[in-house]
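Enquirer: Input: one structure, supplied below.
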Amino acid sequence: MITRIEKIDDQSIARAKQILLSGGVIGMPTETVYGLAGVGTDSNAVKEIYRVKGRPSDNPLIAHVHKDYDIKKLVEIEHQYVYKLIEKFMPGPLTLVLKSKGVVCKEAIAGGSTLAIRMPSHSGCQALLKAIDMPLVAPSANLSKHTSPVTAEHVYNDLNGRIELILDGGKCSGGIESTVLDVTESTPRILRAGLITKEMIEDLVGGCEIAKHKKDDKVLSPGVKYTHYRPKCDAMLFNDGELDKVKLAYNQAVSQGKKPYIMCTDNVAKNFEGCNLLLLGSTEEEVASNLYDKLLEGEKKADLIIAVAMPDQTGINLGIMNRLKKACG
Ligand code: TXA
Ligand code: MG
């Protein structure tokens, strides 16, 4: 199969619609990461997503809808605070887990009773969703376990030959996946941290928990139990207080004839003059936006990525650090 990358416009959206309505899957941009999309009511399309991505079938998918879509067609909203979240953060990088009405097929929700819903803010993605006017289920458009894609080229590198079409909507501005929030109980609970932070949710609705994912717990958001975000080269992670160890690991790698790169914020990089660097920027928004791009750049250039942790785990840093820990094993 030949995989084409087409700039997202009316023509390519019409082609995408044709592929999707005949049960096919495509690469689509969102403001967080690229998705591998299929029609959520078509169980064959959903099976195709799992097959193309190599994803375990017990890990459910997010249903993406346009901003004027009535999500009550798909899910039940049992708590009033959910309307506040929708009003404030949708469209945007927030995914709500709600009780499914069974419209989206059971394969997409891994046989469970809840459905995750998201309204991407990316204008091209909105145009596609509007044109199709049906929920598109989509995981990130990487091969299972690999780093998530933030450009059409990243999608191509993983899925070339496996899908017909990738809609190119430029580099994703957000850079890490949406916050997944369980809103089936009286207090919302974060299953996966992201750009909509615990603090932002608390400010709006008065409370917010973070799900603890312990080894023996019943798995709340199956995706978090899997190896994830791994670049194809070795990667290690140090605390921001361990810059001596970073330098040591770097020098050791060089002396072994390897090509190491240090991945860190611009500020921390001042300690590593003359070293190979993957710069993440300064603010937490910049770091989130650059994280996967730099991991994917790193796997091409480096034998070893030596990452330096963010200074704390509040706000967006929590989501960044969750990914970085997994990316570095
Ligand atoms: O930003 C994003 O969310 C991107 C873009 C493409 O929209 N999508 C994405 O999908 O990251 P994926 O499949 O890579 O991650 C979805 C996460 C997984 O951790 C999955 O377990 C969880 O959401 N999830 C999906 N449906 C769920 C449900 N019904 N209950 C609990 N967790 C769910
Ligand atoms: Mg993913």
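Residue numbers start at 1 in each chain; chains themselves are named A, B, ... in the order of the structure tokens; ligands are numbered from 1 in the order shown.
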Taking 2 positions as the minimum chain separation for residues in the same chain, which residues sit within 7 Å of stretch 249-265 of chain A when counting only C-alpha atoms? Answer as a compact mmCIF listing (two decimals) with N, CA, C and O atoms, in the first residue's frame.

Expert:
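Saved to part20.txt:
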```txt
# COMPACT_ATOMS: atom_id res chain seq x y z
N LYS A 245 25.98 13.70 37.69
CA LYS A 245 25.79 12.34 37.16
C LYS A 245 25.51 12.38 35.66
O LYS A 245 25.90 11.47 34.93
N VAL A 246 24.80 13.42 35.23
CA VAL A 246 24.51 13.57 33.80
C VAL A 246 25.83 13.69 33.03
O VAL A 246 26.06 13.01 32.03
N LYS A 247 26.67 14.57 33.54
CA LYS A 247 27.98 14.81 32.88
C LYS A 247 28.81 13.52 32.85
O LYS A 247 29.43 13.19 31.84
N ASN A 267 17.56 26.35 30.12
CA ASN A 267 18.25 26.85 31.30
C ASN A 267 19.28 25.84 31.82
O ASN A 267 20.44 26.17 32.07
N VAL A 268 18.85 24.59 31.94
CA VAL A 268 19.75 23.52 32.42
C VAL A 268 20.91 23.31 31.45
O VAL A 268 22.03 22.99 31.85
N ALA A 269 20.64 23.56 30.16
CA ALA A 269 21.66 23.32 29.13
C ALA A 269 22.91 24.17 29.33
O ALA A 269 23.99 23.81 28.87
N ASN A 276 26.52 17.51 23.01
CA ASN A 276 25.38 17.37 22.09
C ASN A 276 24.09 17.56 22.88
O ASN A 276 23.92 16.94 23.93
N LEU A 277 23.20 18.42 22.36
CA LEU A 277 22.00 18.76 23.14
C LEU A 277 20.71 18.58 22.34
O LEU A 277 20.68 18.78 21.13
N LEU A 278 19.67 18.21 23.05
CA LEU A 278 18.30 18.26 22.52
C LEU A 278 17.56 19.24 23.42
O LEU A 278 17.20 18.90 24.56
N LEU A 279 17.35 20.44 22.92
CA LEU A 279 16.81 21.51 23.78
C LEU A 279 15.29 21.50 23.78
O LEU A 279 14.64 21.48 22.74
N LEU A 280 14.72 21.55 24.97
CA LEU A 280 13.26 21.45 25.13
C LEU A 280 12.56 22.80 25.26
O LEU A 280 11.34 22.86 25.32
N GLY A 281 13.33 23.92 25.33
CA GLY A 281 12.70 25.22 25.54
C GLY A 281 12.71 25.60 27.01
O GLY A 281 13.38 24.96 27.81
N SER A 282 11.93 26.62 27.35
CA SER A 282 11.99 27.16 28.71
C SER A 282 10.72 26.89 29.52
O SER A 282 10.77 26.30 30.59
N ALA A 302 21.19 9.96 18.00
CA ALA A 302 21.95 9.54 19.18
C ALA A 302 21.96 8.02 19.37
O ALA A 302 21.08 7.32 18.90
N ASP A 303 22.97 7.53 20.10
CA ASP A 303 22.95 6.15 20.60
C ASP A 303 22.30 6.13 21.98
O ASP A 303 21.80 5.11 22.43
N LEU A 304 22.39 7.27 22.65
CA LEU A 304 21.88 7.35 24.02
C LEU A 304 21.32 8.75 24.27
O LEU A 304 22.01 9.74 24.01
N ILE A 305 20.09 8.81 24.75
CA ILE A 305 19.52 10.10 25.19
C ILE A 305 19.62 10.14 26.71
O ILE A 305 19.16 9.23 27.39
N ILE A 306 20.24 11.20 27.23
CA ILE A 306 20.32 11.38 28.68
C ILE A 306 19.41 12.56 29.02
O ILE A 306 19.71 13.71 28.72
N ALA A 307 18.25 12.24 29.61
CA ALA A 307 17.26 13.29 29.87
C ALA A 307 17.37 13.81 31.30
O ALA A 307 17.71 13.06 32.21
N VAL A 308 17.11 15.10 31.45
CA VAL A 308 17.10 15.71 32.79
C VAL A 308 15.65 16.02 33.15
O VAL A 308 14.93 16.65 32.37
```

Enquirer: Could you write out, as a PyMOL selection string, all the residues of stretch 8-255 of chain A that DSSP marks as alpha helix (DSSP H)?

Expert: chain A and resi 10-21+43-53+81-89+123-132+152-159+198-205+243-255

Enquirer: Restricting the calculation to only C-alpha atoms and all ligand atoms: of A:Ala138, A:Leu85, A:Cys125, A:Ala16, which residue gets closest to ligand 2?

Expert: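 Of A:Ala138, A:Leu85, A:Cys125, A:Ala16, the one nearest ligand 2 is A:Ala138, counting only C-alpha atoms and all ligand atoms.
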
Enquirer: To one decimal place, how far is atom 6 (C, counted along the ligand's line) of ligand 1 from atom CA of A:Ser289 in Å?

Expert: 14.4 Å

Enquirer: Name the residues, by chain letter and number, that sit within 7 Å of ligand 2 using only C-alpha atoms and all ligand atoms, and give them as a list in words.

Expert: Pro139, Ser140 and Ser148 of chain A

Enquirer: Considering only C-alpha atoms, state which residue in the set A:Asn157, A:Thr227, A:Asn142, A:Thr283 is at the smallest distance from A:Leu36.

Expert: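 Smallest distance to A:Leu36 is found for A:Asn142.
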
Enquirer: At a cut-off of 8 Å around ligand 1, and using only C-alpha atoms and all ligand atoms, what residues come up? Please write them as an MDAnalysis selection string.

Expert: chainID A and resid 28:36 59:62 64 93:95 97:98 109 112:118 120 138:141 148 176:180 182 191:192 220:224

Enquirer: With only C-alpha atoms as the basis for distance, which of A:His66, A:Lys270, A:Lys325, A:Lys88 is at the shortest distance from A:Leu129?

Expert: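 Nearest to A:Leu129: A:His66.
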
Enquirer: I need the strand (DSSP E or B) residues of stretch 119-307 of chain A per DSSP on the backbone, written as JSON, numbers by chain.

Expert: {"A": [136, 137, 138, 140, 146, 165, 166, 167, 168, 179, 180, 181, 182, 189, 190, 191, 192, 209, 210, 230, 234, 235, 236, 237, 238, 260, 261, 262, 263, 264, 277, 278, 279, 304, 305, 306, 307]}

Enquirer: Emit the selected residues as a CSV table (one decimal), in the first residue's frame, including N, CA, C and O atoms.

Expert:
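Writing done, so here's again.csv:
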```
chain,number,residue,atom,x,y,z
A,136,LEU,N,-15.1,9.8,15.4
A,136,LEU,CA,-13.9,9.1,14.9
A,136,LEU,C,-13.1,8.6,16.1
A,136,LEU,O,-12.7,9.5,16.9
A,137,VAL,N,-12.9,7.3,16.2
A,137,VAL,CA,-12.1,6.9,17.3
A,137,VAL,C,-10.6,6.9,16.8
A,137,VAL,O,-10.4,6.6,15.6
A,138,ALA,N,-9.7,7.3,17.7
A,138,ALA,CA,-8.3,7.4,17.3
A,138,ALA,C,-7.4,7.3,18.5
A,138,ALA,O,-7.5,8.1,19.4
A,140,SER,N,-3.2,7.5,19.4
A,140,SER,CA,-2.1,8.2,18.8
A,140,SER,C,-1.6,7.4,17.6
A,140,SER,O,-1.6,6.2,17.7
A,146,HIS,N,5.9,2.9,20.7
A,146,HIS,CA,6.8,3.9,20.3
A,146,HIS,C,6.3,5.3,20.7
A,146,HIS,O,5.2,5.5,21.1
A,165,LEU,N,-3.6,7.2,3.7
A,165,LEU,CA,-3.6,8.6,3.7
A,165,LEU,C,-3.2,9.2,5.1
A,165,LEU,O,-3.7,8.7,6.1
A,166,ILE,N,-2.4,10.2,5.1
A,166,ILE,CA,-2.1,11.0,6.3
A,166,ILE,C,-2.4,12.4,6.0
A,166,ILE,O,-1.9,13.0,5.0
A,167,LEU,N,-3.3,13.0,6.7
A,167,LEU,CA,-3.7,14.4,6.6
A,167,LEU,C,-2.6,15.3,7.3
A,167,LEU,O,-2.4,15.0,8.5
A,168,ASP,N,-2.0,16.2,6.6
A,168,ASP,CA,-0.9,17.0,7.2
A,168,ASP,C,-1.5,18.3,7.7
A,168,ASP,O,-1.9,19.2,6.9
A,179,THR,N,-5.4,15.3,28.5
A,179,THR,CA,-5.7,14.8,29.9
A,179,THR,C,-6.9,13.9,29.8
A,179,THR,O,-7.9,14.3,29.3
A,180,VAL,N,-6.8,12.7,30.4
A,180,VAL,CA,-7.9,11.8,30.4
A,180,VAL,C,-8.6,11.9,31.8
A,180,VAL,O,-7.9,11.6,32.8
A,181,LEU,N,-9.8,12.3,31.9
A,181,LEU,CA,-10.5,12.6,33.1
A,181,LEU,C,-11.7,11.7,33.3
A,181,LEU,O,-12.7,11.8,32.5
A,182,ASP,N,-11.8,10.9,34.3
A,182,ASP,CA,-13.0,10.1,34.6
A,182,ASP,C,-14.0,11.0,35.3
A,182,ASP,O,-13.7,11.6,36.4
A,189,ARG,N,-11.6,12.6,38.3
A,189,ARG,CA,-10.3,11.9,38.6
A,189,ARG,C,-9.5,11.8,37.4
A,189,ARG,O,-9.9,11.3,36.3
A,190,ILE,N,-8.2,12.3,37.5
A,190,ILE,CA,-7.3,12.3,36.3
A,190,ILE,C,-6.7,10.9,36.1
A,190,ILE,O,-6.1,10.3,37.0
A,191,LEU,N,-7.0,10.3,35.0
A,191,LEU,CA,-6.4,8.9,34.7
A,191,LEU,C,-5.1,9.1,33.9
A,191,LEU,O,-4.3,8.2,34.0
A,192,ARG,N,-5.0,10.2,33.1
A,192,ARG,CA,-3.7,10.4,32.4
A,192,ARG,C,-3.5,12.0,32.5
A,192,ARG,O,-4.4,12.7,32.0
A,209,GLU,N,-9.1,14.6,41.7
A,209,GLU,CA,-8.2,13.6,42.3
A,209,GLU,C,-7.3,13.1,41.1
A,209,GLU,O,-7.6,13.3,40.0
A,210,ILE,N,-6.2,12.5,41.5
A,210,ILE,CA,-5.3,11.9,40.5
A,210,ILE,C,-5.3,10.4,40.8
A,210,ILE,O,-5.0,10.0,42.0
A,230,ARG,N,8.5,4.9,23.9
A,230,ARG,CA,9.9,4.6,23.8
A,230,ARG,C,10.6,5.0,22.5
A,230,ARG,O,10.2,4.6,21.5
A,234,ASP,N,18.8,3.9,23.2
A,234,ASP,CA,18.7,3.9,24.7
A,234,ASP,C,18.4,5.3,25.3
A,234,ASP,O,18.7,6.3,24.6
A,235,ALA,N,17.8,5.3,26.4
A,235,ALA,CA,17.5,6.5,27.1
A,235,ALA,C,17.5,6.4,28.6
A,235,ALA,O,17.2,5.3,29.1
A,236,MET,N,18.1,7.4,29.2
A,236,MET,CA,18.1,7.4,30.7
A,236,MET,C,17.7,8.7,31.3
A,236,MET,O,17.8,9.7,30.6
A,237,LEU,N,17.2,8.7,32.5
A,237,LEU,CA,16.7,9.9,33.1
A,237,LEU,C,17.3,10.2,34.4
A,237,LEU,O,17.5,9.3,35.2
A,238,PHE,N,17.7,11.5,34.6
A,238,PHE,CA,18.3,11.9,35.9
A,238,PHE,C,17.5,13.1,36.5
A,238,PHE,O,16.8,13.8,35.7
A,260,PRO,N,26.2,10.3,22.7
A,260,PRO,CA,25.1,10.7,23.6
A,260,PRO,C,24.6,12.1,23.3
A,260,PRO,O,25.3,12.9,22.7
A,261,TYR,N,23.3,12.3,23.6
A,261,TYR,CA,22.7,13.6,23.6
A,261,TYR,C,22.0,13.9,24.9
A,261,TYR,O,21.4,13.0,25.4
A,262,ILE,N,22.2,15.1,25.4
A,262,ILE,CA,21.5,15.5,26.7
A,262,ILE,C,20.3,16.2,26.3
A,262,ILE,O,20.3,17.2,25.5
A,263,MET,N,19.1,15.7,26.8
A,263,MET,CA,17.8,16.4,26.6
A,263,MET,C,17.4,17.1,27.8
A,263,MET,O,17.2,16.5,28.9
A,264,CYS,N,17.3,18.5,27.7
A,264,CYS,CA,17.0,19.2,28.9
A,264,CYS,C,16.4,20.6,28.5
A,264,CYS,O,16.4,21.0,27.3
A,277,LEU,N,23.2,18.4,22.4
A,277,LEU,CA,22.0,18.8,23.1
A,277,LEU,C,20.7,18.6,22.3
A,277,LEU,O,20.7,18.8,21.1
A,278,LEU,N,19.7,18.2,23.1
A,278,LEU,CA,18.3,18.3,22.5
A,278,LEU,C,17.6,19.2,23.4
A,278,LEU,O,17.2,18.9,24.6
A,279,LEU,N,17.4,20.4,22.9
A,279,LEU,CA,16.8,21.5,23.8
A,279,LEU,C,15.3,21.5,23.8
A,279,LEU,O,14.6,21.5,22.7
A,304,LEU,N,22.4,7.3,22.6
A,304,LEU,CA,21.9,7.3,24.0
A,304,LEU,C,21.3,8.7,24.3
A,304,LEU,O,22.0,9.7,24.0
A,305,ILE,N,20.1,8.8,24.8
A,305,ILE,CA,19.5,10.1,25.2
A,305,ILE,C,19.6,10.1,26.7
A,305,ILE,O,19.2,9.2,27.4
A,306,ILE,N,20.2,11.2,27.2
A,306,ILE,CA,20.3,11.4,28.7
A,306,ILE,C,19.4,12.6,29.0
A,306,ILE,O,19.7,13.7,28.7
A,307,ALA,N,18.2,12.2,29.6
A,307,ALA,CA,17.3,13.3,29.9
A,307,ALA,C,17.4,13.8,31.3
A,307,ALA,O,17.7,13.1,32.2
```

Enquirer: Between atom CA of A:Lys145 and atom CA of A:Tyr50, what is the spacing in Å?

Expert: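 Between atom CA of A:Tyr50 and atom CA of A:Lys145 the gap is 12.8 Å.
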
Enquirer: Fewer than 4 positions away in the same chain doesn't count, so skip those; otherwise give me all residues within 6 Å of A:Val75, counting only C-alpha atoms, as a short mmCIF file (atom, residue, chain, number, x, y, z; two decimals) with C-alpha atoms, in the first residue's frame.

Expert:
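Final output, saved to part.cif:
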```cif
data_model
loop_
_atom_site.label_atom_id
_atom_site.label_comp_id
_atom_site.auth_asym_id
_atom_site.auth_seq_id
_atom_site.Cartn_x
_atom_site.Cartn_y
_atom_site.Cartn_z
CA LEU A 98 -18.44 8.90 30.68
CA LYS A 99 -21.00 6.12 30.69
CA SER A 100 -21.40 4.87 27.11
CA LYS A 101 -24.78 4.61 25.43
#
```

Enquirer: What is the distance between atom CA of A:Gly319 and atom CA of A:Ile196, in Å to one decimal?

Expert: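 Answer for the atom CA of A:Gly319 to atom CA of A:Ile196 separation: 9.4 Å.
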
Enquirer: Check the smallest atom-to-atom distance from each of A:Val150, A:Ile163, A:Ile71, A:Cys105 to A:Glu48 using only C-alpha atoms, then report the winner.

Expert: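 For A:Glu48, the nearest of the candidates is A:Ile163.
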
Enquirer: Excluding A:Gly315 and any residue of its chain fewer than 6 positions from it, enumerate the residues within 8 Å of it, using only C-alpha atoms, and give them as a list in words.

Expert: Leu195, Thr197, Lys198 and Glu199 of chain A

Enquirer: Write a file of the just-selected residues containing N, CA and C atoms, as a CSV table (one decimal), in the first residue's frame.

Expert:
```csv
chain,number,residue,atom,x,y,z
A,195,LEU,N,-2.2,18.6,29.4
A,195,LEU,CA,-2.1,20.0,29.4
A,195,LEU,C,-3.2,20.7,30.2
A,197,THR,N,-4.6,20.8,33.6
A,197,THR,CA,-3.9,20.3,34.8
A,197,THR,C,-4.9,20.1,35.9
A,198,LYS,N,-4.5,19.4,36.9
A,198,LYS,CA,-5.3,19.2,38.2
A,198,LYS,C,-5.7,20.5,38.7
A,199,GLU,N,-4.7,21.5,38.7
A,199,GLU,CA,-5.0,22.8,39.3
A,199,GLU,C,-6.1,23.5,38.5
```

Enquirer: From the set A:Gly174, A:Thr147, A:Glu78, A:Gln11, which residue has the shortest atom-to-atom contact distance to A:Gly92, counting only C-alpha atoms?

Expert: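 The shortest atom-to-atom distance to A:Gly92 comes from A:Gly174.
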
Enquirer: For each of A:Thr184, A:Asn290, A:Gln313, A:Thr151, take the minimum atom-to-atom distance to A:Asp240, counting only C-alpha atoms, then give the residue where this is smallest.

Expert: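 Closest to A:Asp240 of all the choices is A:Gln313.
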
Enquirer: For A:Gly206, find every residue with an atom within 10 Å (counting only C-alpha atoms), except residues of its own chain fewer than 6 positions away, and show them as a PyMOL selection string.

Expert: chain A and resi 81+187-188+199-200

Enquirer: Deliver the residues from the most recent selection as a file, using C-alpha atoms, as an mmCIF file, in the first residue's frame.

Expert:
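Saved result, again02.cif, follows:
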```
data_model
loop_
_atom_site.group_PDB
_atom_site.id
_atom_site.type_symbol
_atom_site.label_atom_id
_atom_site.label_comp_id
_atom_site.auth_asym_id
_atom_site.auth_seq_id
_atom_site.Cartn_x
_atom_site.Cartn_y
_atom_site.Cartn_z
ATOM 1 C CA TYR A 81 -19.846 19.814 37.096
ATOM 2 C CA THR A 187 -15.340 14.124 42.014
ATOM 3 C CA PRO A 188 -13.400 14.116 38.728
ATOM 4 C CA GLU A 199 -4.953 22.788 39.316
ATOM 5 C CA MET A 200 -7.052 24.088 36.386
#
```

Enquirer: Which polymer residues have any atom within 12 Å of an atom of A:Gln18, counting only C-alpha atoms, with same-chain residues fewer than 3 positions away left out, as a PyMOL selection string?

Expert: chain A and resi 11-15+21-26+38-39+128+131-132+164-165
